[in-house]
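S.K.: See protein-v7.pdb below, with PDB, C-alpha atoms, pLDDT in the B column.
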```
ATOM      1  CA  ASP H   1      58.727 151.917  65.475  1.00 57.00           C
ATOM      2  CA  ALA H   2      56.110 152.685  68.124  1.00 68.00           C
ATOM      3  CA  LYS H   3      56.932 155.295  70.746  1.00 88.00           C
ATOM      4  CA  THR H   4      57.736 154.829  74.409  1.00 93.00           C
ATOM      5  CA  THR H   5      57.241 157.182  77.339  1.00 93.00           C
ATOM      6  CA  GLN H   6      59.508 157.229  80.367  1.00 96.00           C
ATOM      7  CA  PRO H   7      59.851 159.569  83.359  1.00 96.00           C
ATOM      8  CA  ASN H   8      62.799 161.930  83.059  1.00 95.00           C
ATOM      9  CA  SER H   9      64.529 160.788  86.221  1.00 96.00           C
ATOM     10  CA  MET H  10      64.382 158.570  89.280  1.00 97.00           C
ATOM     11  CA  GLU H  11      66.356 158.256  92.465  1.00 96.00           C
ATOM     12  CA  SER H  12      67.143 155.134  94.419  1.00 96.00           C
ATOM     13  CA  ASN H  13      69.100 154.110  97.477  1.00 96.00           C
ATOM     14  CA  GLU H  14      72.006 151.737  97.175  1.00 96.00           C
ATOM     15  CA  GLU H  15      71.157 148.073  97.738  1.00 95.00           C
ATOM     16  CA  GLU H  16      67.433 148.686  97.325  1.00 96.00           C
ATOM     17  CA  PRO H  17      65.334 147.448  94.386  1.00 95.00           C
ATOM     18  CA  VAL H  18      64.580 149.870  91.570  1.00 97.00           C
ATOM     19  CA  HIS H  19      61.567 149.753  89.287  1.00 97.00           C
ATOM     20  CA  LEU H  20      61.924 151.758  86.076  1.00 97.00           C
ATOM     21  CA  PRO H  21      58.606 152.156  84.217  1.00 97.00           C
ATOM     22  CA  CYS H  22      57.971 152.480  80.505  1.00 96.00           C
ATOM     23  CA  ASN H  23      54.698 153.070  78.688  1.00 96.00           C
ATOM     24  CA  HIS H  24      54.188 151.917  75.117  1.00 94.00           C
ATOM     25  CA  SER H  25      50.467 152.076  74.452  1.00 93.00           C
ATOM     26  CA  THR H  26      50.827 151.812  70.649  1.00 92.00           C
ATOM     27  CA  ILE H  27      52.918 148.641  70.717  1.00 92.00           C
ATOM     28  CA  SER H  28      52.178 146.148  67.955  1.00 88.00           C
ATOM     29  CA  GLY H  29      52.085 142.376  68.235  1.00 87.00           C
ATOM     30  CA  THR H  30      55.563 141.833  66.803  1.00 85.00           C
ATOM     31  CA  ASP H  31      57.329 144.614  68.714  1.00 89.00           C
ATOM     32  CA  TYR H  32      59.998 143.491  71.132  1.00 91.00           C
ATOM     33  CA  ILE H  33      60.626 145.585  74.249  1.00 93.00           C
ATOM     34  CA  HIS H  34      64.311 146.329  74.683  1.00 93.00           C
ATOM     35  CA  TRP H  35      66.187 148.101  77.455  1.00 96.00           C
ATOM     36  CA  TYR H  36      69.614 149.618  77.047  1.00 97.00           C
ATOM     37  CA  ARG H  37      71.562 151.713  79.490  1.00 97.00           C
ATOM     38  CA  GLN H  38      74.340 154.231  79.101  1.00 97.00           C
ATOM     39  CA  LEU H  39      76.820 154.722  81.889  1.00 96.00           C
ATOM     40  CA  PRO H  40      78.601 158.092  82.057  1.00 92.00           C
ATOM     41  CA  SER H  41      81.143 158.547  79.252  1.00 91.00           C
ATOM     42  CA  GLN H  42      80.374 155.142  77.740  1.00 94.00           C
ATOM     43  CA  GLY H  43      78.393 153.779  74.829  1.00 96.00           C
ATOM     44  CA  PRO H  44      74.950 152.288  75.375  1.00 96.00           C
ATOM     45  CA  GLU H  45      74.884 148.680  76.508  1.00 96.00           C
ATOM     46  CA  TYR H  46      72.170 146.080  76.174  1.00 95.00           C
ATOM     47  CA  VAL H  47      70.339 145.169  79.371  1.00 97.00           C
ATOM     48  CA  ILE H  48      67.413 142.907  78.537  1.00 96.00           C
ATOM     49  CA  HIS H  49      64.571 142.366  76.092  1.00 93.00           C
ATOM     50  CA  GLY H  50      61.277 140.517  75.905  1.00 93.00           C
ATOM     51  CA  LEU H  51      58.176 140.001  73.827  1.00 92.00           C
ATOM     52  CA  THR H  52      55.296 138.831  76.044  1.00 93.00           C
ATOM     53  CA  SER H  53      56.611 136.954  79.052  1.00 92.00           C
ATOM     54  CA  ASN H  54      58.638 138.300  81.931  1.00 93.00           C
ATOM     55  CA  VAL H  55      62.373 137.842  81.495  1.00 94.00           C
ATOM     56  CA  ASN H  56      65.291 137.525  83.887  1.00 95.00           C
ATOM     57  CA  ASN H  57      69.006 137.726  83.291  1.00 93.00           C
ATOM     58  CA  ARG H  58      72.069 138.430  85.363  1.00 91.00           C
ATOM     59  CA  MET H  59      71.619 142.183  85.070  1.00 90.00           C
ATOM     60  CA  ALA H  60      67.919 142.723  85.597  1.00 96.00           C
ATOM     61  CA  SER H  61      64.352 141.512  85.245  1.00 97.00           C
ATOM     62  CA  LEU H  62      61.761 142.713  82.774  1.00 97.00           C
ATOM     63  CA  ALA H  63      58.122 142.647  83.777  1.00 97.00           C
ATOM     64  CA  ILE H  64      55.689 143.053  80.888  1.00 97.00           C
ATOM     65  CA  ALA H  65      52.064 143.955  81.466  1.00 96.00           C
ATOM     66  CA  GLU H  66      49.488 141.479  80.233  1.00 95.00           C
ATOM     67  CA  ASP H  67      48.229 143.924  77.586  1.00 95.00           C
ATOM     68  CA  ARG H  68      51.873 144.764  76.734  1.00 95.00           C
ATOM     69  CA  LYS H  69      51.159 148.484  76.895  1.00 95.00           C
ATOM     70  CA  SER H  70      53.687 148.988  79.643  1.00 96.00           C
ATOM     71  CA  SER H  71      56.736 147.320  81.098  1.00 97.00           C
ATOM     72  CA  THR H  72      59.045 147.691  84.073  1.00 97.00           C
ATOM     73  CA  LEU H  73      62.764 147.148  84.311  1.00 98.00           C
ATOM     74  CA  ILE H  74      63.686 145.844  87.734  1.00 97.00           C
ATOM     75  CA  LEU H  75      67.145 146.142  89.225  1.00 97.00           C
ATOM     76  CA  HIS H  76      67.017 143.908  92.270  1.00 94.00           C
ATOM     77  CA  ARG H  77      69.730 145.619  94.301  1.00 95.00           C
ATOM     78  CA  ALA H  78      70.903 148.941  92.982  1.00 95.00           C
ATOM     79  CA  THR H  79      74.590 149.718  93.189  1.00 96.00           C
ATOM     80  CA  LEU H  80      76.353 153.000  92.580  1.00 96.00           C
ATOM     81  CA  ARG H  81      77.498 151.573  89.274  1.00 95.00           C
ATOM     82  CA  ASP H  82      73.880 151.310  88.134  1.00 96.00           C
ATOM     83  CA  ALA H  83      73.609 155.107  87.931  1.00 97.00           C
ATOM     84  CA  ALA H  84      72.985 155.642  84.226  1.00 97.00           C
ATOM     85  CA  VAL H  85      70.460 156.644  81.598  1.00 97.00           C
ATOM     86  CA  TYR H  86      68.094 153.762  80.870  1.00 98.00           C
ATOM     87  CA  TYR H  87      66.381 153.598  77.490  1.00 96.00           C
ATOM     88  CA  CYS H  88      63.199 151.642  76.778  1.00 95.00           C
ATOM     89  CA  ILE H  89      62.896 150.940  73.039  1.00 92.00           C
ATOM     90  CA  LEU H  90      60.484 148.987  70.848  1.00 90.00           C
ATOM     91  CA  ILE H  91      61.868 147.018  67.914  1.00 86.00           C
ATOM     92  CA  ARG H  92      59.840 145.167  65.324  1.00 82.00           C
ATOM     93  CA  GLY H  93      60.854 141.532  65.350  1.00 73.00           C
ATOM     94  CA  GLY H  94      62.182 140.036  62.141  1.00 66.00           C
ATOM     95  CA  ALA H  95      63.034 143.291  60.435  1.00 61.00           C
ATOM     96  CA  ASN H  96      66.420 144.846  60.842  1.00 62.00           C
ATOM     97  CA  SER H  97      64.668 147.772  62.404  1.00 66.00           C
ATOM     98  CA  LYS H  98      66.398 150.874  63.499  1.00 72.00           C
ATOM     99  CA  LEU H  99      67.078 151.252  67.195  1.00 81.00           C
ATOM    100  CA  THR H 100      65.592 154.685  67.878  1.00 84.00           C
ATOM    101  CA  PHE H 101      66.527 156.151  71.235  1.00 90.00           C
ATOM    102  CA  GLY H 102      64.327 158.555  73.173  1.00 89.00           C
ATOM    103  CA  LYS H 103      65.516 160.652  76.087  1.00 90.00           C
ATOM    104  CA  GLY H 104      65.549 157.745  78.521  1.00 95.00           C
ATOM    105  CA  ILE H 105      65.308 157.899  82.284  1.00 97.00           C
ATOM    106  CA  THR H 106      68.235 159.091  84.353  1.00 97.00           C
ATOM    107  CA  LEU H 107      68.703 156.905  87.417  1.00 97.00           C
ATOM    108  CA  SER H 108      70.596 158.320  90.377  1.00 97.00           C
ATOM    109  CA  VAL H 109      71.707 155.986  93.170  1.00 97.00           C
ATOM    110  CA  ARG H 110      72.307 157.380  96.643  1.00 96.00           C
ATOM    111  CA  PRO H 111      74.939 155.707  98.832  1.00 94.00           C
TER
ATOM    112  CA  ASP N   1      86.112 139.151  71.889  1.00 68.00           C
ATOM    113  CA  ALA N   2      87.425 142.709  71.762  1.00 82.00           C
ATOM    114  CA  GLY N   3      84.006 144.207  71.138  1.00 95.00           C
ATOM    115  CA  VAL N   4      83.317 147.015  68.705  1.00 97.00           C
ATOM    116  CA  ILE N   5      86.484 149.045  68.241  1.00 97.00           C
ATOM    117  CA  GLN N   6      86.370 152.719  67.340  1.00 98.00           C
ATOM    118  CA  SER N   7      89.162 155.128  66.547  1.00 97.00           C
ATOM    119  CA  PRO N   8      90.167 157.742  67.312  1.00 97.00           C
ATOM    120  CA  ARG N   9      88.710 158.033  70.807  1.00 97.00           C
ATOM    121  CA  HIS N  10      89.168 161.784  70.770  1.00 97.00           C
ATOM    122  CA  GLU N  11      89.685 164.163  67.886  1.00 97.00           C
ATOM    123  CA  VAL N  12      90.079 167.915  67.952  1.00 98.00           C
ATOM    124  CA  THR N  13      90.175 169.646  64.616  1.00 97.00           C
ATOM    125  CA  GLU N  14      89.585 173.011  63.057  1.00 97.00           C
ATOM    126  CA  MET N  15      86.587 174.027  61.035  1.00 97.00           C
ATOM    127  CA  GLY N  16      86.975 173.080  57.397  1.00 97.00           C
ATOM    128  CA  GLN N  17      89.200 170.085  57.999  1.00 97.00           C
ATOM    129  CA  GLU N  18      88.313 166.549  56.951  1.00 98.00           C
ATOM    130  CA  VAL N  19      87.527 164.104  59.736  1.00 98.00           C
ATOM    131  CA  THR N  20      87.516 160.325  59.388  1.00 98.00           C
ATOM    132  CA  LEU N  21      86.134 158.104  62.122  1.00 98.00           C
ATOM    133  CA  ARG N  22      86.754 154.377  62.003  1.00 98.00           C
ATOM    134  CA  CYS N  23      84.918 151.329  63.266  1.00 98.00           C
ATOM    135  CA  LYS N  24      85.718 147.642  63.458  1.00 98.00           C
ATOM    136  CA  PRO N  25      82.576 145.609  64.226  1.00 97.00           C
ATOM    137  CA  ILE N  26      82.509 142.360  66.150  1.00 96.00           C
ATOM    138  CA  SER N  27      83.650 139.450  64.020  1.00 95.00           C
ATOM    139  CA  GLY N  28      80.661 137.629  62.575  1.00 93.00           C
ATOM    140  CA  HIS N  29      78.322 140.598  62.860  1.00 93.00           C
ATOM    141  CA  ASN N  30      76.772 141.619  59.559  1.00 91.00           C
ATOM    142  CA  SER N  31      74.917 144.812  60.483  1.00 91.00           C
ATOM    143  CA  LEU N  32      76.646 148.043  61.420  1.00 94.00           C
ATOM    144  CA  PHE N  33      75.152 151.283  62.697  1.00 94.00           C
ATOM    145  CA  TRP N  34      76.560 154.796  63.110  1.00 97.00           C
ATOM    146  CA  TYR N  35      75.014 157.045  65.789  1.00 97.00           C
ATOM    147  CA  ARG N  36      75.720 160.590  66.904  1.00 97.00           C
ATOM    148  CA  GLN N  37      75.064 161.894  70.424  1.00 97.00           C
ATOM    149  CA  THR N  38      74.769 165.493  71.539  1.00 96.00           C
ATOM    150  CA  MET N  39      73.235 167.055  74.618  1.00 92.00           C
ATOM    151  CA  MET N  40      70.605 168.817  72.539  1.00 92.00           C
ATOM    152  CA  ARG N  41      69.506 165.976  70.282  1.00 92.00           C
ATOM    153  CA  GLY N  42      70.408 162.835  72.210  1.00 93.00           C
ATOM    154  CA  LEU N  43      71.319 159.679  70.301  1.00 94.00           C
ATOM    155  CA  GLU N  44      70.541 159.885  66.592  1.00 94.00           C
ATOM    156  CA  LEU N  45      70.941 157.115  64.039  1.00 94.00           C
ATOM    157  CA  LEU N  46      72.909 158.382  61.058  1.00 96.00           C
ATOM    158  CA  ILE N  47      73.164 155.322  58.816  1.00 96.00           C
ATOM    159  CA  TYR N  48      73.184 151.548  58.946  1.00 92.00           C
ATOM    160  CA  PHE N  49      74.559 148.773  56.774  1.00 93.00           C
ATOM    161  CA  ASN N  50      73.510 145.162  56.212  1.00 89.00           C
ATOM    162  CA  ASN N  51      76.136 142.881  54.700  1.00 91.00           C
ATOM    163  CA  ASN N  52      78.233 145.951  53.824  1.00 94.00           C
ATOM    164  CA  VAL N  53      75.370 147.604  51.912  1.00 93.00           C
ATOM    165  CA  PRO N  54      73.921 150.912  53.157  1.00 93.00           C
ATOM    166  CA  ILE N  55      70.255 150.320  53.971  1.00 90.00           C
ATOM    167  CA  ASP N  56      69.079 153.603  55.454  1.00 89.00           C
ATOM    168  CA  ASP N  57      71.032 156.857  55.400  1.00 92.00           C
ATOM    169  CA  SER N  58      68.090 159.129  56.109  1.00 92.00           C
ATOM    170  CA  GLY N  59      69.734 160.284  59.322  1.00 92.00           C
ATOM    171  CA  MET N  60      72.861 161.615  57.654  1.00 95.00           C
ATOM    172  CA  PRO N  61      72.699 165.372  58.254  1.00 88.00           C
ATOM    173  CA  GLU N  62      73.889 166.595  54.869  1.00 85.00           C
ATOM    174  CA  ASP N  63      76.240 165.936  52.007  1.00 91.00           C
ATOM    175  CA  ARG N  64      79.236 166.758  54.132  1.00 96.00           C
ATOM    176  CA  PHE N  65      78.755 163.381  55.816  1.00 97.00           C
ATOM    177  CA  SER N  66      79.554 160.108  54.089  1.00 97.00           C
ATOM    178  CA  ALA N  67      79.943 156.544  55.311  1.00 98.00           C
ATOM    179  CA  LYS N  68      81.454 153.479  53.719  1.00 97.00           C
ATOM    180  CA  MET N  69      81.803 149.832  54.569  1.00 97.00           C
ATOM    181  CA  PRO N  70      84.311 148.334  52.139  1.00 96.00           C
ATOM    182  CA  ASN N  71      84.295 144.959  53.897  1.00 95.00           C
ATOM    183  CA  ALA N  72      82.698 143.141  56.801  1.00 94.00           C
ATOM    184  CA  SER N  73      85.349 144.201  59.282  1.00 95.00           C
ATOM    185  CA  PHE N  74      85.700 147.922  58.666  1.00 96.00           C
ATOM    186  CA  SER N  75      83.608 151.060  58.282  1.00 98.00           C
ATOM    187  CA  THR N  76      84.376 154.760  58.086  1.00 98.00           C
ATOM    188  CA  LEU N  77      82.353 157.885  58.723  1.00 98.00           C
ATOM    189  CA  LYS N  78      83.786 160.938  57.006  1.00 98.00           C
ATOM    190  CA  ILE N  79      82.928 164.597  57.498  1.00 97.00           C
ATOM    191  CA  GLN N  80      84.248 166.994  54.897  1.00 97.00           C
ATOM    192  CA  PRO N  81      84.394 169.887  55.564  1.00 96.00           C
ATOM    193  CA  SER N  82      83.805 169.755  59.308  1.00 97.00           C
ATOM    194  CA  GLU N  83      81.901 172.479  61.169  1.00 97.00           C
ATOM    195  CA  PRO N  84      81.658 173.335  64.877  1.00 97.00           C
ATOM    196  CA  ARG N  85      78.075 172.006  64.986  1.00 96.00           C
ATOM    197  CA  ASP N  86      79.440 168.565  64.113  1.00 97.00           C
ATOM    198  CA  SER N  87      81.006 168.384  67.574  1.00 98.00           C
ATOM    199  CA  ALA N  88      79.522 165.300  69.213  1.00 98.00           C
ATOM    200  CA  VAL N  89      80.263 161.760  70.298  1.00 98.00           C
ATOM    201  CA  TYR N  90      79.953 159.330  67.407  1.00 98.00           C
ATOM    202  CA  PHE N  91      79.120 155.725  68.224  1.00 98.00           C
ATOM    203  CA  CYS N  92      79.394 152.662  66.073  1.00 97.00           C
ATOM    204  CA  ALA N  93      77.357 149.548  66.863  1.00 96.00           C
ATOM    205  CA  SER N  94      77.068 146.109  65.332  1.00 94.00           C
ATOM    206  CA  THR N  95      74.813 143.080  65.474  1.00 91.00           C
ATOM    207  CA  ARG N  96      74.363 139.734  63.808  1.00 88.00           C
ATOM    208  CA  TRP N  97      71.116 139.886  61.906  1.00 81.00           C
ATOM    209  CA  THR N  98      69.780 136.619  60.558  1.00 73.00           C
ATOM    210  CA  GLY N  99      66.425 137.892  59.369  1.00 67.00           C
ATOM    211  CA  GLY N 100      64.698 135.571  61.795  1.00 59.00           C
ATOM    212  CA  ALA N 101      62.001 136.188  64.358  1.00 52.00           C
ATOM    213  CA  GLY N 102      64.311 137.476  67.052  1.00 54.00           C
ATOM    214  CA  ALA N 103      65.011 141.168  67.429  1.00 69.00           C
ATOM    215  CA  ASN N 104      68.522 142.554  67.236  1.00 78.00           C
ATOM    216  CA  VAL N 105      70.774 143.166  70.201  1.00 88.00           C
ATOM    217  CA  LEU N 106      73.303 145.850  69.392  1.00 91.00           C
ATOM    218  CA  THR N 107      76.805 146.062  70.804  1.00 95.00           C
ATOM    219  CA  PHE N 108      78.174 149.595  70.909  1.00 96.00           C
ATOM    220  CA  GLY N 109      81.712 150.839  70.770  1.00 97.00           C
ATOM    221  CA  ALA N 110      83.162 153.298  73.253  1.00 96.00           C
ATOM    222  CA  GLY N 111      82.617 156.208  70.893  1.00 97.00           C
ATOM    223  CA  SER N 112      84.726 158.870  69.201  1.00 98.00           C
ATOM    224  CA  ARG N 113      84.482 162.323  70.750  1.00 98.00           C
ATOM    225  CA  LEU N 114      84.842 164.959  68.045  1.00 98.00           C
ATOM    226  CA  THR N 115      85.482 168.623  68.765  1.00 98.00           C
ATOM    227  CA  VAL N 116      85.512 171.026  65.838  1.00 98.00           C
ATOM    228  CA  LEU N 117      86.908 174.451  66.694  1.00 97.00           C
TER
END
```
Starting from the file, give its structure as structure tokens.

M.R.:
Amino acid sequence: DAKTTQPNSMESNEEEPVHLPCNHSTISGTDYIHWYRQLPSQGPEYVIHGLTSNVNNRMASLAIAEDRKSSTLILHRATLRDAAVYYCILIRGGANSKLTFGKGITLSVRP
Amino acid sequence: DAGVIQSPRHEVTEMGQEVTLRCKPISGHNSLFWYRQTMMRGLELLIYFNNNVPIDDSGMPEDRFSAKMPNASFSTLKIQPSEPRDSAVYFCASTRWTGGAGANVLTFGAGSRLTVL
């Protein structure tokens, strides 16, 4: 799977929007962009994924650049419970590809 | 749905002892993954199964580690003999893979925290 690059950490204020960036310049045409997050002392949980178009669900939005070499996870109103490590991962569609985690970005939320 | 169920949640054992971690995937899921997480190395994929068959075990550290999936609803990860460097949180995850165009969404268990003294 192609690699992703994320900042090590970000801080946000409660109830403000948060934009978490991810670069994936070597993405291939069939790679899906997935985001998972891991709350303290819990297993990773799925957040959202997309291929080319922007995606919205109840947890977040995913904005994908037109050239697909970067993407942004958007939390519309951060809560204290959103403090977690967020992982941006590329997975080849169709194959039962391995989900390979990088270091992720640690999001801190200030009250 | 009860989600992915792992047991035990915590295990403390002494070096040299055998450790068995258990996982019950979500009903209907046909792919199962074992991960290990440490501060130093992050989340590492150890092995995964499709339809109870091991597909890729290249992440298994050494022969002391073995994993089995005797049926669609149960998998074990065994460490024999255990060593202090095996101390980690071990996660099991499952997904329903149809081989289609969509990519997999994994559901993780709560993990088994292993401490080897």

S.K.: Excluding same-chain residues fewer than 2 positions from Gln37 in chain N, what lies within 10 Å of it counting all atoms listed in the file, as a list of chain:residue names?

M.R.: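 The residues satisfying every condition are H:Gly43, N:Tyr35, N:Met39, N:Met40, N:Arg41, N:Gly42, N:Leu43, N:Glu44, N:Leu45, N:Ser87, N:Ala88, N:Val89, N:Tyr90, N:Phe91, N:Gly111, N:Arg113.
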
S.K.: Leaving out Asp67 in chain H and any residue of its chain fewer than 3 positions from it, which residues lie within 10 Å of it when counting only C-alpha atoms, given as an MDAnalysis selection string?

M.R.: chainID H and resid 25 27 52 64 70:71

S.K.: Give one line per residue of chain H that approaches chain N to at most 12 Å, naming the two atoms of the closest pair and their distance in Å to one decimal, counting only C-alpha atoms; sort by chain then ascending residue number and deliver it as CSV.

M.R.:
```
residue,atom,partner,partner_atom,distance
H:Thr30,CA,N:Ala101,CA,8.9
H:Asp31,CA,N:Ala103,CA,8.5
H:Tyr32,CA,N:Ala103,CA,6.7
H:Ile33,CA,N:Ala103,CA,9.2
H:His34,CA,N:Val105,CA,8.5
H:Trp35,CA,N:Val105,CA,9.9
H:Tyr36,CA,N:Leu106,CA,9.3
H:Arg37,CA,N:Phe108,CA,11.0
H:Gln38,CA,N:Phe108,CA,10.2
H:Leu39,CA,N:Ala110,CA,10.8
H:Pro40,CA,N:Ala110,CA,11.0
H:Ser41,CA,N:Ala110,CA,8.2
H:Gln42,CA,N:Ala110,CA,5.6
H:Gly43,CA,N:Ala110,CA,5.0
H:Pro44,CA,N:Phe108,CA,6.1
H:Glu45,CA,N:Phe108,CA,6.6
H:Tyr46,CA,N:Val105,CA,6.8
H:Val47,CA,N:Val105,CA,9.4
H:Ile48,CA,N:Val105,CA,9.0
H:His49,CA,N:Val105,CA,8.6
H:Gly50,CA,N:Ala103,CA,9.3
H:Leu51,CA,N:Ala103,CA,9.4
H:Val85,CA,N:Gly42,CA,11.2
H:Tyr87,CA,N:Leu43,CA,10.6
H:Ile89,CA,N:Val105,CA,11.4
H:Leu90,CA,N:Ala103,CA,9.7
H:Ile91,CA,N:Ala103,CA,6.7
H:Arg92,CA,N:Ala103,CA,6.9
H:Gly93,CA,N:Ala103,CA,4.7
H:Gly94,CA,N:Ala101,CA,4.4
H:Ala95,CA,N:Gly99,CA,6.5
H:Asn96,CA,N:Trp97,CA,6.9
H:Ser97,CA,N:Asn104,CA,8.1
H:Lys98,CA,N:Leu45,CA,7.7
H:Leu99,CA,N:Leu45,CA,7.7
H:Thr100,CA,N:Leu45,CA,7.0
H:Phe101,CA,N:Leu43,CA,6.0
H:Gly102,CA,N:Gly42,CA,7.5
H:Lys103,CA,N:Gly42,CA,6.6
H:Gly104,CA,N:Gly42,CA,9.5
```

S.K.: List the neighbours of Thr13 in chain N out to 9 Å using all atoms listed in the file; skip same-chain residues closer than 6 positions along the sequence, and give me the result as a list in words.

M.R.: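 The filter keeps Val19, Ser82, Leu114, Thr115, Val116 and Leu117 of chain N.
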
S.K.: Step by step, work through what the PyMOL selection byres ((chain H and resi 111) around 8) selects in the shown file, and finish by giving those residues as a VMD selection string.

M.R.: chain H and resid 13 to 14 80 109 to 110

S.K.: Of the residues H:Thr26, H:Ile74, H:Ile105, H:Met10, which is the one nearest to Cys88 in chain H, using only C-alpha atoms?

M.R.: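 Nearest candidate to Cys88 in chain H out of H:Thr26, H:Ile74, H:Ile105, H:Met10: H:Ile105.
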
S.K.: Evaluated on this file, the PyMOL selection byres ((chain H and resi 61) around 9) picks out some residues - which ones are they, written as a PyMOL selection string?

M.R.: chain H and resi 48+54-60+62-63+72-76

S.K.: For Ser94 in chain N, which residue among N:Met60, N:Val12, N:Leu21, N:Ala72 is the nearest when counting only C-alpha atoms?

M.R.: N:Ala72

S.K.: Using the chain letters and residue numbers of this document, give as a PyMOL selection string the residues selected by the PyMOL selection byres ((chain N and resi 24) around 8).

M.R.: chain N and resi 4-6+22-23+25-26+73-75

S.K.: Kindly complete range 89-95 of chain N to all heavy atoms; the output should be written as a PDB file, in the coordinates of the input.

M.R.:
```pdb
ATOM      1  N   VAL N  89      79.669 163.090  70.155  1.00 98.00           N
ATOM      2  CA  VAL N  89      80.263 161.760  70.298  1.00 98.00           C
ATOM      3  C   VAL N  89      79.610 160.875  69.246  1.00 98.00           C
ATOM      4  O   VAL N  89      78.381 160.812  69.155  1.00 98.00           O
ATOM      5  CB  VAL N  89      80.050 161.169  71.700  1.00 98.00           C
ATOM      6  CG1 VAL N  89      80.719 159.802  71.796  1.00 98.00           C
ATOM      7  CG2 VAL N  89      80.597 162.105  72.771  1.00 98.00           C
ATOM      8  N   TYR N  90      80.439 160.198  68.477  1.00 98.00           N
ATOM      9  CA  TYR N  90      79.953 159.330  67.407  1.00 98.00           C
ATOM     10  C   TYR N  90      80.161 157.877  67.841  1.00 98.00           C
ATOM     11  O   TYR N  90      81.261 157.471  68.189  1.00 98.00           O
ATOM     12  CB  TYR N  90      80.702 159.623  66.105  1.00 98.00           C
ATOM     13  CG  TYR N  90      80.344 160.976  65.537  1.00 98.00           C
ATOM     14  CD1 TYR N  90      80.927 162.136  66.037  1.00 98.00           C
ATOM     15  CD2 TYR N  90      79.384 161.101  64.530  1.00 98.00           C
ATOM     16  CE1 TYR N  90      80.581 163.391  65.543  1.00 98.00           C
ATOM     17  CE2 TYR N  90      79.033 162.344  64.022  1.00 98.00           C
ATOM     18  CZ  TYR N  90      79.629 163.480  64.539  1.00 98.00           C
ATOM     19  OH  TYR N  90      79.270 164.715  64.049  1.00 98.00           O
ATOM     20  N   PHE N  91      79.069 157.129  67.828  1.00 98.00           N
ATOM     21  CA  PHE N  91      79.120 155.725  68.224  1.00 98.00           C
ATOM     22  C   PHE N  91      78.888 154.818  67.023  1.00 98.00           C
ATOM     23  O   PHE N  91      78.066 155.106  66.157  1.00 98.00           O
ATOM     24  CB  PHE N  91      78.031 155.416  69.265  1.00 98.00           C
ATOM     25  CG  PHE N  91      78.266 156.025  70.609  1.00 98.00           C
ATOM     26  CD1 PHE N  91      77.556 157.152  71.018  1.00 98.00           C
ATOM     27  CD2 PHE N  91      79.181 155.469  71.486  1.00 98.00           C
ATOM     28  CE1 PHE N  91      77.759 157.721  72.263  1.00 98.00           C
ATOM     29  CE2 PHE N  91      79.397 156.028  72.735  1.00 98.00           C
ATOM     30  CZ  PHE N  91      78.687 157.153  73.117  1.00 98.00           C
ATOM     31  N   CYS N  92      79.598 153.733  67.036  1.00 97.00           N
ATOM     32  CA  CYS N  92      79.394 152.662  66.073  1.00 97.00           C
ATOM     33  C   CYS N  92      78.834 151.472  66.847  1.00 97.00           C
ATOM     34  O   CYS N  92      79.212 151.238  68.013  1.00 97.00           O
ATOM     35  CB  CYS N  92      80.731 152.306  65.428  1.00 97.00           C
ATOM     36  SG  CYS N  92      80.675 150.918  64.298  1.00 97.00           S
ATOM     37  N   ALA N  93      77.930 150.725  66.233  1.00 96.00           N
ATOM     38  CA  ALA N  93      77.357 149.548  66.863  1.00 96.00           C
ATOM     39  C   ALA N  93      77.210 148.448  65.825  1.00 96.00           C
ATOM     40  O   ALA N  93      77.071 148.737  64.626  1.00 96.00           O
ATOM     41  CB  ALA N  93      75.999 149.869  67.484  1.00 96.00           C
ATOM     42  N   SER N  94      77.238 147.204  66.277  1.00 94.00           N
ATOM     43  CA  SER N  94      77.068 146.109  65.332  1.00 94.00           C
ATOM     44  C   SER N  94      76.185 145.028  65.936  1.00 94.00           C
ATOM     45  O   SER N  94      76.005 144.945  67.160  1.00 94.00           O
ATOM     46  CB  SER N  94      78.426 145.531  64.913  1.00 94.00           C
ATOM     47  OG  SER N  94      79.055 144.824  65.970  1.00 94.00           O
ATOM     48  N   THR N  95      75.634 144.196  65.049  1.00 91.00           N
ATOM     49  CA  THR N  95      74.813 143.080  65.474  1.00 91.00           C
ATOM     50  C   THR N  95      74.842 142.017  64.400  1.00 91.00           C
ATOM     51  O   THR N  95      75.202 142.278  63.255  1.00 91.00           O
ATOM     52  CB  THR N  95      73.360 143.535  65.750  1.00 91.00           C
ATOM     53  OG1 THR N  95      72.623 142.460  66.340  1.00 91.00           O
ATOM     54  CG2 THR N  95      72.658 143.939  64.461  1.00 91.00           C
TER      55      THR N  95
END
```
